[in-house]
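Trainee: Data: structure_20.json, JSON, C-alpha atoms and all ligand atoms.
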```json
[["chain", "number", "residue", "atom", "x", "y", "z"],
["A", 1, "MET", "CA", 72.28, 141.87, -13.51],
["A", 2, "SER", "CA", 70.32, 140.92, -16.55],
["A", 3, "ASP", "CA", 67.31, 142.88, -17.68],
["A", 4, "GLN", "CA", 65.15, 139.82, -17.50],
["A", 5, "ASN", "CA", 65.71, 139.21, -13.74],
["A", 6, "SER", "CA", 64.73, 142.78, -12.74],
["A", 7, "LYS", "CA", 61.32, 142.58, -14.44],
["A", 8, "VAL", "CA", 58.30, 141.79, -12.21],
["A", 9, "LYS", "CA", 56.20, 139.04, -13.69],
["A", 10, "PRO", "CA", 52.37, 139.72, -13.89],
["A", 11, "GLY", "CA", 51.71, 136.47, -11.97],
["A", 12, "HIS", "CA", 53.80, 137.73, -9.05],
["A", 13, "THR", "CA", 51.91, 141.04, -8.94],
["A", 14, "LEU", "CA", 48.56, 139.24, -8.74],
["A", 15, "LEU", "CA", 49.85, 136.93, -6.00],
["A", 16, "SER", "CA", 51.14, 139.89, -3.95],
["A", 17, "LEU", "CA", 47.81, 141.68, -4.33],
["A", 18, "CYS", "CA", 45.91, 138.58, -3.15],
["A", 19, "CYS", "CA", 48.22, 138.33, -0.10],
["A", 20, "VAL", "CA", 47.65, 141.99, 0.80],
["A", 21, "ILE", "CA", 43.86, 141.56, 0.51],
["A", 22, "MET", "CA", 43.93, 138.39, 2.63],
["A", 23, "ILE", "CA", 46.00, 140.07, 5.34],
["A", 24, "ALA", "CA", 43.68, 143.13, 5.31],
["A", 25, "VAL", "CA", 40.60, 140.89, 5.69],
["A", 26, "TRP", "CA", 42.28, 138.96, 8.51],
["A", 27, "VAL", "CA", 43.29, 142.15, 10.38],
["A", 28, "TRP", "CA", 39.77, 143.59, 9.89],
["A", 29, "ALA", "CA", 38.25, 140.41, 11.33],
["A", 30, "LEU", "CA", 40.51, 140.63, 14.38],
["A", 31, "ILE", "CA", 39.65, 144.25, 15.25],
["A", 32, "PRO", "CA", 37.37, 144.10, 18.31],
["A", 33, "ARG", "CA", 33.94, 145.56, 17.59],
["A", 34, "PRO", "CA", 32.36, 147.82, 20.22],
["A", 35, "PRO", "CA", 29.31, 146.12, 21.75],
["A", 36, "VAL", "CA", 26.03, 147.37, 20.34],
["A", 37, "MET", "CA", 22.36, 146.93, 21.08],
["A", 38, "SER", "CA", 19.84, 147.19, 18.27],
["A", 39, "VAL", "CA", 16.10, 147.45, 18.11],
["A", 40, "THR", "CA", 13.87, 147.15, 15.07],
["A", 41, "PHE", "CA", 10.31, 148.42, 15.18],
["A", 42, "LEU", "CA", 8.59, 146.25, 12.60],
["A", 43, "SER", "CA", 5.93, 147.51, 10.22],
["A", 44, "VAL", "CA", 3.05, 145.24, 11.27],
["A", 45, "GLY", "CA", 0.07, 147.37, 10.23],
["A", 46, "GLN", "CA", -2.19, 148.53, 13.08],
["A", 47, "GLY", "CA", -0.35, 146.93, 15.99],
["A", 48, "ASP", "CA", 3.04, 146.73, 17.66],
["A", 49, "SER", "CA", 6.10, 144.52, 17.35],
["A", 50, "ALA", "CA", 9.74, 145.25, 18.12],
["A", 51, "VAL", "CA", 12.83, 143.03, 18.14],
["A", 52, "LEU", "CA", 15.72, 143.84, 20.45],
["A", 53, "ARG", "CA", 19.19, 142.26, 20.05],
["A", 54, "THR", "CA", 21.71, 142.62, 22.86],
["A", 55, "PRO", "CA", 25.53, 142.67, 22.58],
["A", 56, "SER", "CA", 25.77, 139.03, 23.67],
["A", 57, "GLY", "CA", 23.24, 138.00, 21.01],
["A", 58, "LYS", "CA", 20.17, 137.68, 23.21],
["A", 59, "THR", "CA", 16.86, 138.30, 21.42],
["A", 60, "VAL", "CA", 13.85, 139.97, 22.98],
["A", 61, "VAL", "CA", 10.58, 140.26, 21.05],
["A", 62, "ILE", "CA", 8.14, 142.84, 22.38],
["A", 63, "ASP", "CA", 4.66, 142.09, 20.98],
["A", 64, "CYS", "CA", 3.97, 140.29, 17.71],
["A", 65, "GLY", "CA", 1.44, 142.50, 15.88],
["A", 66, "PRO", "CA", -2.00, 141.30, 14.78],
["A", 67, "GLY", "CA", -2.80, 137.75, 13.71],
["A", 68, "PRO", "CA", -5.21, 135.97, 11.35],
["A", 69, "GLY", "CA", -8.90, 136.60, 11.89],
["A", 70, "ASN", "CA", -8.44, 140.24, 12.87],
["A", 71, "ARG", "CA", -10.26, 143.11, 11.16],
["A", 72, "ASN", "CA", -7.94, 143.14, 8.16],
["A", 73, "ASP", "CA", -7.16, 139.42, 8.41],
["A", 74, "PHE", "CA", -3.45, 140.27, 8.28],
["A", 75, "ASP", "CA", -1.16, 137.83, 10.07],
["A", 76, "ALA", "CA", 1.80, 140.03, 10.97],
["A", 77, "GLY", "CA", 3.34, 137.14, 12.91],
["A", 78, "ALA", "CA", 3.60, 134.98, 9.78],
["A", 79, "LYS", "CA", 4.13, 137.74, 7.23],
["A", 80, "VAL", "CA", 6.47, 140.13, 9.06],
["A", 81, "VAL", "CA", 7.81, 139.02, 12.46],
["A", 82, "THR", "CA", 8.72, 135.40, 11.63],
["A", 83, "PRO", "CA", 10.44, 136.24, 8.28],
["A", 84, "PHE", "CA", 12.35, 139.10, 9.94],
["A", 85, "LEU", "CA", 13.66, 136.85, 12.74],
["A", 86, "MET", "CA", 14.61, 134.15, 10.22],
["A", 87, "ARG", "CA", 16.48, 136.67, 8.06],
["A", 88, "GLU", "CA", 18.32, 137.84, 11.17],
["A", 89, "GLY", "CA", 19.40, 134.26, 11.84],
["A", 90, "VAL", "CA", 17.49, 134.05, 15.12],
["A", 91, "ASN", "CA", 16.53, 130.54, 16.18],
["A", 92, "ARG", "CA", 15.92, 131.20, 19.86],
["A", 93, "ILE", "CA", 13.95, 134.00, 21.51],
["A", 94, "ASP", "CA", 15.21, 134.62, 25.04],
["A", 95, "ALA", "CA", 12.28, 136.77, 26.11],
["A", 96, "LEU", "CA", 8.91, 137.25, 24.44],
["A", 97, "VAL", "CA", 7.04, 140.13, 26.08],
["A", 98, "PHE", "CA", 3.31, 140.72, 25.63],
["A", 99, "THR", "CA", 2.61, 144.29, 26.69],
["A", 100, "HIS", "CA", -1.07, 143.37, 27.05],
["A", 101, "ALA", "CA", -3.60, 140.92, 25.68],
["A", 102, "HIS", "CA", -5.15, 142.99, 22.86],
["A", 103, "GLU", "CA", -5.20, 141.26, 19.49],
["A", 104, "ASP", "CA", -3.02, 143.87, 17.72],
["A", 105, "HIS", "CA", -0.18, 142.92, 20.10],
["A", 106, "ILE", "CA", -0.56, 139.17, 20.62],
["A", 107, "GLY", "CA", -2.39, 137.92, 17.49],
["A", 108, "GLY", "CA", 0.86, 137.36, 15.57],
["A", 109, "ALA", "CA", 2.35, 135.37, 18.47],
["A", 110, "VAL", "CA", 0.86, 132.08, 17.23],
["A", 111, "SER", "CA", 3.21, 131.99, 14.24],
["A", 112, "VAL", "CA", 6.20, 133.19, 16.30],
["A", 113, "ILE", "CA", 5.66, 130.55, 19.02],
["A", 114, "ARG", "CA", 5.27, 127.80, 16.38],
["A", 115, "ASN", "CA", 8.47, 128.79, 14.55],
["A", 116, "PHE", "CA", 10.98, 129.56, 17.30],
["A", 117, "LYS", "CA", 12.34, 128.12, 20.48],
["A", 118, "ILE", "CA", 11.27, 130.51, 23.23],
["A", 119, "ASP", "CA", 12.78, 130.64, 26.70],
["A", 120, "THR", "CA", 10.30, 132.78, 28.64],
["A", 121, "VAL", "CA", 7.07, 134.67, 27.92],
["A", 122, "PHE", "CA", 6.47, 137.75, 30.08],
["A", 123, "ASP", "CA", 2.89, 138.96, 30.37],
["A", 124, "PRO", "CA", 0.76, 141.18, 32.64],
["A", 125, "ALA", "CA", -1.34, 137.98, 32.88],
["A", 126, "LEU", "CA", -4.66, 139.71, 33.43],
["A", 127, "ALA", "CA", -7.82, 137.83, 32.48],
["A", 128, "HIS", "CA", -9.01, 138.80, 29.00],
["A", 129, "PRO", "CA", -11.89, 136.92, 27.45],
["A", 130, "THR", "CA", -10.84, 136.54, 23.82],
["A", 131, "GLY", "CA", -10.36, 133.35, 21.84],
["A", 132, "LYS", "CA", -7.01, 134.60, 20.52],
["A", 133, "TYR", "CA", -5.53, 135.20, 23.98],
["A", 134, "LYS", "CA", -6.76, 131.76, 25.10],
["A", 135, "GLU", "CA", -5.20, 130.16, 22.00],
["A", 136, "VAL", "CA", -1.85, 131.87, 22.66],
["A", 137, "LEU", "CA", -1.82, 130.87, 26.35],
["A", 138, "GLU", "CA", -2.68, 127.25, 25.44],
["A", 139, "LEU", "CA", 0.13, 127.16, 22.88],
["A", 140, "ILE", "CA", 2.61, 128.45, 25.49],
["A", 141, "GLU", "CA", 1.55, 125.68, 27.84],
["A", 142, "GLN", "CA", 1.65, 122.96, 25.16],
["A", 143, "ARG", "CA", 5.19, 123.95, 24.18],
["A", 144, "GLY", "CA", 6.38, 123.96, 27.81],
["A", 145, "ILE", "CA", 7.52, 127.59, 27.58],
["A", 146, "LYS", "CA", 8.21, 129.36, 30.89],
["A", 147, "TYR", "CA", 5.48, 131.92, 31.58],
["A", 148, "ARG", "CA", 5.85, 134.80, 34.05],
["A", 149, "GLN", "CA", 3.51, 137.48, 35.26],
["A", 150, "ILE", "CA", 5.56, 140.66, 35.74],
["A", 151, "ARG", "CA", 5.00, 143.96, 37.54],
["A", 152, "ARG", "CA", 6.86, 147.21, 38.19],
["A", 153, "GLY", "CA", 10.25, 146.64, 39.80],
["A", 154, "TYR", "CA", 11.00, 143.45, 37.84],
["A", 155, "GLU", "CA", 14.25, 143.54, 35.86],
["A", 156, "ILE", "CA", 15.58, 141.43, 33.03],
["A", 157, "ASP", "CA", 19.39, 141.59, 33.14],
["A", 158, "PHE", "CA", 21.37, 139.80, 30.44],
["A", 159, "HIS", "CA", 24.72, 140.65, 32.10],
["A", 160, "ASP", "CA", 25.97, 142.10, 28.85],
["A", 161, "GLY", "CA", 25.22, 145.73, 29.64],
["A", 162, "VAL", "CA", 21.52, 145.62, 28.75],
["A", 163, "VAL", "CA", 19.07, 145.95, 31.63],
["A", 164, "ILE", "CA", 15.32, 145.99, 31.05],
["A", 165, "GLU", "CA", 13.29, 147.72, 33.76],
["A", 166, "VAL", "CA", 9.56, 147.13, 34.11],
["A", 167, "LEU", "CA", 7.74, 150.40, 34.99],
["A", 168, "ASN", "CA", 4.12, 149.36, 34.56],
["A", 169, "PRO", "CA", 1.72, 147.87, 35.66],
["A", 170, "PRO", "CA", 2.24, 148.38, 39.39],
["A", 171, "ASP", "CA", 1.85, 145.56, 41.89],
["A", 172, "SER", "CA", -1.56, 146.82, 42.97],
["A", 173, "ILE", "CA", -3.18, 145.81, 39.67],
["A", 174, "SER", "CA", -4.62, 142.33, 39.68],
["A", 175, "SER", "CA", -7.61, 142.72, 37.35],
["A", 176, "THR", "CA", -9.20, 145.13, 34.89],
["A", 177, "ASN", "CA", -12.83, 146.17, 34.73],
["A", 178, "ASP", "CA", -13.09, 147.07, 31.10],
["A", 179, "ASP", "CA", -11.37, 146.43, 27.83],
["A", 180, "LYS", "CA", -10.10, 149.97, 27.43],
["A", 181, "GLU", "CA", -8.48, 149.95, 30.86],
["A", 182, "LEU", "CA", -6.37, 147.03, 29.66],
["A", 183, "ASN", "CA", -4.27, 149.59, 27.73],
["A", 184, "ASN", "CA", -3.26, 151.24, 31.00],
["A", 185, "THR", "CA", -2.13, 147.92, 32.43],
["A", 186, "SER", "CA", 0.34, 147.51, 29.53],
["A", 187, "ILE", "CA", 3.82, 146.41, 30.43],
["A", 188, "VAL", "CA", 5.99, 149.49, 29.99],
["A", 189, "LEU", "CA", 9.71, 148.81, 29.58],
["A", 190, "ARG", "CA", 12.73, 151.07, 29.88],
["A", 191, "VAL", "CA", 15.66, 149.34, 28.23],
["A", 192, "LYS", "CA", 19.02, 150.71, 29.38],
["A", 193, "PHE", "CA", 22.35, 150.26, 27.66],
["A", 194, "GLY", "CA", 25.29, 152.45, 28.72],
["A", 195, "LYS", "CA", 24.12, 156.03, 28.76],
["A", 196, "THR", "CA", 21.23, 155.35, 26.40],
["A", 197, "ALA", "CA", 17.68, 154.23, 27.10],
["A", 198, "ILE", "CA", 14.64, 153.25, 25.06],
["A", 199, "MET", "CA", 11.11, 153.50, 26.45],
["A", 200, "PHE", "CA", 8.53, 150.99, 25.18],
["A", 201, "ALA", "CA", 5.19, 152.41, 26.29],
["A", 202, "GLY", "CA", 2.92, 149.64, 24.97],
["A", 203, "ASP", "CA", -0.62, 151.03, 24.76],
["A", 204, "ALA", "CA", -0.31, 152.96, 28.04],
["A", 205, "GLU", "CA", -2.31, 156.15, 28.11],
["A", 206, "GLU", "CA", -2.44, 159.19, 30.36],
["A", 207, "SER", "CA", -3.56, 157.53, 33.61],
["A", 208, "ALA", "CA", -0.67, 155.03, 33.43],
["A", 209, "GLU", "CA", 1.71, 157.85, 32.49],
["A", 210, "THR", "CA", 0.58, 159.91, 35.52],
["A", 211, "ARG", "CA", 1.06, 156.88, 37.75],
["A", 212, "MET", "CA", 4.60, 156.29, 36.44],
["A", 213, "LEU", "CA", 5.46, 160.01, 36.72],
["A", 214, "GLY", "CA", 4.50, 159.91, 40.40],
["A", 215, "GLU", "CA", 5.93, 156.53, 41.32],
["A", 216, "CYS", "CA", 8.95, 155.77, 39.09],
["A", 217, "GLY", "CA", 12.44, 157.26, 39.11],
["A", 218, "ASP", "CA", 14.38, 158.36, 36.05],
["A", 219, "LEU", "CA", 12.27, 158.13, 32.90],
["A", 220, "THR", "CA", 14.60, 159.87, 30.44],
["A", 221, "SER", "CA", 14.95, 157.91, 27.21],
["A", 222, "GLN", "CA", 16.45, 158.98, 23.89],
["A", 223, "ILE", "CA", 13.89, 156.85, 22.04],
["A", 224, "LEU", "CA", 10.21, 156.62, 22.92],
["A", 225, "LYS", "CA", 7.99, 153.98, 21.36],
["A", 226, "VAL", "CA", 4.93, 156.19, 21.62],
["A", 227, "GLY", "CA", 2.03, 154.83, 23.68],
["A", 228, "HIS", "CA", -1.14, 153.47, 22.06],
["A", 229, "HIS", "CA", -0.21, 154.09, 18.42],
["A", 230, "GLY", "CA", -0.19, 157.88, 18.89],
["A", 231, "SER", "CA", -3.69, 158.07, 20.40],
["A", 232, "ARG", "CA", -4.80, 161.49, 21.65],
["A", 233, "GLN", "CA", -5.20, 160.06, 25.18],
["A", 234, "ALA", "CA", -1.53, 159.03, 25.39],
["A", 235, "THR", "CA", 1.81, 160.90, 25.41],
["A", 236, "SER", "CA", 0.87, 163.81, 27.68],
["A", 237, "GLN", "CA", 2.92, 166.96, 27.93],
["A", 238, "GLU", "CA", 4.14, 165.97, 31.42],
["A", 239, "TRP", "CA", 5.16, 162.52, 30.20],
["A", 240, "LEU", "CA", 7.19, 164.06, 27.35],
["A", 241, "GLU", "CA", 8.86, 166.50, 29.73],
["A", 242, "ALA", "CA", 10.02, 163.57, 31.87],
["A", 243, "VAL", "CA", 11.03, 161.20, 29.06],
["A", 244, "GLN", "CA", 12.67, 163.89, 26.87],
["A", 245, "PRO", "CA", 12.77, 161.74, 23.73],
["A", 246, "GLU", "CA", 14.98, 162.73, 20.82],
["A", 247, "ILE", "CA", 13.36, 160.09, 18.61],
["A", 248, "ALA", "CA", 9.71, 159.06, 18.74],
["A", 249, "VAL", "CA", 8.49, 155.91, 17.01],
["A", 250, "ILE", "CA", 4.81, 155.48, 16.26],
["A", 251, "SER", "CA", 3.74, 151.96, 15.33],
["A", 252, "VAL", "CA", 0.59, 152.43, 13.31],
["A", 253, "GLY", "CA", -1.33, 151.05, 10.32],
["A", 254, "TRP", "CA", -1.72, 153.12, 7.18],
["A", 255, "ASN", "CA", -5.15, 154.76, 6.95],
["A", 256, "ASN", "CA", -6.35, 152.99, 10.12],
["A", 257, "GLN", "CA", -9.93, 153.38, 11.30],
["A", 258, "PHE", "CA", -8.92, 154.87, 14.67],
["A", 259, "GLY", "CA", -7.37, 158.01, 13.21],
["A", 260, "HIS", "CA", -4.03, 157.14, 14.85],
["A", 261, "PRO", "CA", -1.79, 158.99, 15.29],
["A", 262, "SER", "CA", -3.77, 162.03, 16.45],
["A", 263, "LYS", "CA", -2.83, 165.51, 15.31],
["A", 264, "GLU", "CA", -2.59, 166.60, 18.97],
["A", 265, "THR", "CA", -0.03, 163.90, 19.81],
["A", 266, "LEU", "CA", 2.03, 164.71, 16.72],
["A", 267, "LYS", "CA", 2.00, 168.37, 17.73],
["A", 268, "ARG", "CA", 3.09, 167.58, 21.30],
["A", 269, "LEU", "CA", 5.95, 165.42, 19.96],
["A", 270, "GLU", "CA", 7.01, 168.18, 17.60],
["A", 271, "SER", "CA", 6.95, 170.79, 20.39],
["A", 272, "ALA", "CA", 9.04, 168.45, 22.54],
["A", 273, "GLY", "CA", 11.67, 168.44, 19.78],
["A", 274, "ALA", "CA", 11.37, 164.73, 18.98],
["A", 275, "LYS", "CA", 12.04, 163.46, 15.46],
["A", 276, "VAL", "CA", 9.08, 161.30, 14.58],
["A", 277, "PHE", "CA", 9.29, 157.99, 12.70],
["A", 278, "ARG", "CA", 6.09, 156.14, 11.77],
["A", 279, "THR", "CA", 5.86, 152.55, 10.63],
["A", 280, "ASP", "CA", 3.02, 153.43, 8.20],
["A", 281, "LYS", "CA", 5.23, 155.96, 6.42],
["A", 282, "ASN", "CA", 8.80, 154.82, 7.12],
["A", 283, "GLY", "CA", 8.28, 151.03, 7.15],
["A", 284, "GLY", "CA", 10.56, 149.16, 9.59],
["A", 285, "ILE", "CA", 12.71, 151.43, 11.76],
["A", 286, "THR", "CA", 16.03, 150.29, 13.25],
["A", 287, "ALA", "CA", 18.01, 151.99, 16.00],
["A", 288, "VAL", "CA", 21.55, 150.93, 16.93],
["A", 289, "THR", "CA", 23.36, 152.17, 20.02],
["A", 290, "ASN", "CA", 26.87, 151.66, 21.37],
["A", 291, "GLY", "CA", 25.76, 152.93, 24.76],
["A", 292, "ARG", "CA", 26.69, 156.51, 23.98],
["A", 293, "ARG", "CA", 25.24, 157.33, 20.59],
["A", 294, "ILE", "CA", 22.18, 156.10, 18.74],
["A", 295, "SER", "CA", 21.80, 155.94, 14.99],
["A", 296, "VAL", "CA", 18.41, 155.41, 13.40],
["A", 297, "SER", "CA", 17.56, 154.18, 9.92],
["A", 298, "SER", "CA", 14.31, 153.25, 8.25],
["A", 299, "VAL", "CA", 13.20, 151.30, 5.20],
["A", 300, "ARG", "CA", 11.68, 154.48, 3.71],
["A", 301, "LYS", "CA", 12.94, 157.98, 4.42],
["A", 302, "SER", "CA", 10.68, 160.62, 6.01],
["A", 303, "ARG", "CA", 9.45, 163.21, 3.56],
["A", 401, "ZN", "ZN", -2.58, 148.42, 20.40]]
```
Could I get this structure in the form of structure tokens?
Ligand SMILES: [Zn+2]
Mentor:
Amino acid sequence: MSDQNSKVKPGHTLLSLCCVIMIAVWVWALIPRPPVMSVTFLSVGQGDSAVLRTPSGKTVVIDCGPGPGNRNDFDAGAKVVTPFLMREGVNRIDALVFTHAHEDHIGGAVSVIRNFKIDTVFDPALAHPTGKYKEVLELIEQRGIKYRQIRRGYEIDFHDGVVIEVLNPPDSISSTNDDKELNNTSIVLRVKFGKTAIMFAGDAEESAETRMLGECGDLTSQILKVGHHGSRQATSQEWLEAVQPEIAVISVGWNNQFGHPSKETLKRLESAGAKVFRTDKNGGITAVTNGRRISVSSVRKSR
């Protein structure tokens, strides 16, 4: 055998390497991924907005943050929620949930409704005399979007492992007397996936919590989206004992005029052993679960 034949040419080595890489990429692409559910709590200033993605690719948006014309004139719908959904490649929202009609939850919906195809809007649908709520309801009607009033006992089931239970408001509530009471009529959702659950408490405060403690079944949830931006009147000791959150997310504006979150609530969360994430300090917060374990990351780390 001649010396020349036994030598490996550099071109051959490069070709072999390319083949190995291509095969590795192909094998990696074929490995089945375990189904996951993710939720991102967006940093929308003083307000709430969260985006849930299910294993089959369904998208649920829970509140849209404040809109133009609010106290700070910050349109979270246009500046935060819409760009986030576009970056995520979402072009259809399967469920848009308004926890209640306050501006810091529905103001940003105008931009979201204008920019995305929406299947159904879920709402407590209680009369609320603000121009913004009227504008949002008119837009829903103009666009021909399905609109449903929901109460405790209603379930959204995507048949991909994710089931969304409605815990509040109860059937008995058909109107509210005052603006503050609207918080306690918030839609409260417990989103279940495998052995994990996430509680979205809207702006529910103690009277709604007491009602749910007395009238609902299992409330345990690894993640709690803390009620009413960490207000002192929400997140009672009894509520925390029932929910047993490992992670607490407070959606709150930096230096807000309400003093949210309150020191008392932060203390109760700390005593309950929950790790607290805050949108004013951590920015957007994302949790991913495979139905057994949950991992949480945030734009900025907690100090
Ligand atoms: Zn609020």
Trainee: Give one line per residue of chain A that approaches ligand ZN 401 (chain A) to at most 9 Å, naming the two atoms of the closest pair and their distance in Å to one decimal, counting only C-alpha atoms and all ligand atoms; sort by chain then ascending residue number and deliver it as CSV.
Mentor:
```
residue,atom,partner,partner_atom,distance
A:Gln46,CA,A:ZN401,ZN,7.3
A:Gly47,CA,A:ZN401,ZN,5.2
A:Asp48,CA,A:ZN401,ZN,6.5
A:Gly65,CA,A:ZN401,ZN,8.5
A:His100,CA,A:ZN401,ZN,8.5
A:His102,CA,A:ZN401,ZN,6.5
A:Glu103,CA,A:ZN401,ZN,7.7
A:Asp104,CA,A:ZN401,ZN,5.3
A:His105,CA,A:ZN401,ZN,6.0
A:Asn183,CA,A:ZN401,ZN,7.6
A:Gly202,CA,A:ZN401,ZN,7.3
A:Asp203,CA,A:ZN401,ZN,5.4
A:Gly227,CA,A:ZN401,ZN,8.5
A:His228,CA,A:ZN401,ZN,5.5
A:His229,CA,A:ZN401,ZN,6.5
A:Ser251,CA,A:ZN401,ZN,8.8
A:Val252,CA,A:ZN401,ZN,8.7
```
Trainee: So which one's closest to A:Val163, A:Arg232, A:Ala24, A:Val60, A:Ala78? Using all atoms listed in the file, please.
Mentor: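 For A:Val163, the nearest of the candidates is A:Val60.
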Trainee: Excluding A:Thr99 and residues on its chain fewer than 6 positions from it, collect all residues at most 7 Å away from it, counting only C-alpha atoms, and give them as a list in words.
Mentor: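 Here the qualifying residues turn out to be Asp63, Asp123, Pro124, Ser186, Ile187 and Gly202 of chain A.
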Trainee: How close does stretch 171-269 of chain A get to stretch 285-295 of chain A? List, as a Markdown table, each residue of stretch 171-269 of chain A within 12 Å, its nearest atom pair and the distance in Å to one decimal, counting all atoms listed in the file.
Mentor:
```
| residue | atom | partner | partner_atom | distance |
| --- | --- | --- | --- | --- |
| A:Val191 | CA | A:Gly291 | CA | 11.3 |
| A:Lys192 | CA | A:Gly291 | CA | 8.5 |
| A:Phe193 | CA | A:Gly291 | CA | 5.2 |
| A:Gly194 | CA | A:Gly291 | CA | 4.0 |
| A:Lys195 | CA | A:Gly291 | CA | 5.3 |
| A:Thr196 | CA | A:Gly291 | CA | 5.4 |
| A:Ala197 | CA | A:Gly291 | CA | 8.5 |
| A:Ile198 | CA | A:Ala287 | CA | 9.7 |
| A:Ser221 | CA | A:Ile294 | CA | 11.3 |
| A:Gln222 | CA | A:Ile294 | CA | 8.2 |
| A:Ile223 | CA | A:Ala287 | CA | 8.8 |
| A:Leu224 | CA | A:Ala287 | CA | 11.4 |
| A:Lys225 | CA | A:Ile285 | CA | 11.0 |
| A:Glu246 | CA | A:Ile294 | CA | 10.0 |
| A:Ile247 | CA | A:Ile294 | CA | 9.7 |
| A:Ala248 | CA | A:Ile285 | CA | 10.8 |
| A:Val249 | CA | A:Ile285 | CA | 8.1 |
| A:Ile250 | CA | A:Ile285 | CA | 10.0 |
| A:Ser251 | CA | A:Ile285 | CA | 9.7 |
```
Trainee: Smallest atom-to-atom distance to A:Val112: which of A:Ser56, A:Ser49, A:Thr13, A:Ser174, using all atoms listed in the file?
Mentor: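 Smallest separation from A:Val112 among the options: A:Ser49.
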Trainee: In Å, rounded to a single decimal, give me how far atom CA of A:Gly230 is from atom CA of A:Ile156.
Mentor: 26.8 Å
Trainee: Quick one, how far is atom CA of A:Leu266 from atom CA of A:Ala201?
Mentor: 15.9 Å
Trainee: Please identify all polymer residues within 8 Å of A:Ala242, counting all atoms listed in the file, omitting same-chain residues fewer than 4 positions from it, and present them as a ChimeraX atom specification.
Mentor: /A:213,218-220,238
Trainee: Report, in Å to a single decimal, how far apart atom CA of A:Val51 and atom CA of A:Phe122 are.
Mentor: 14.5 Å
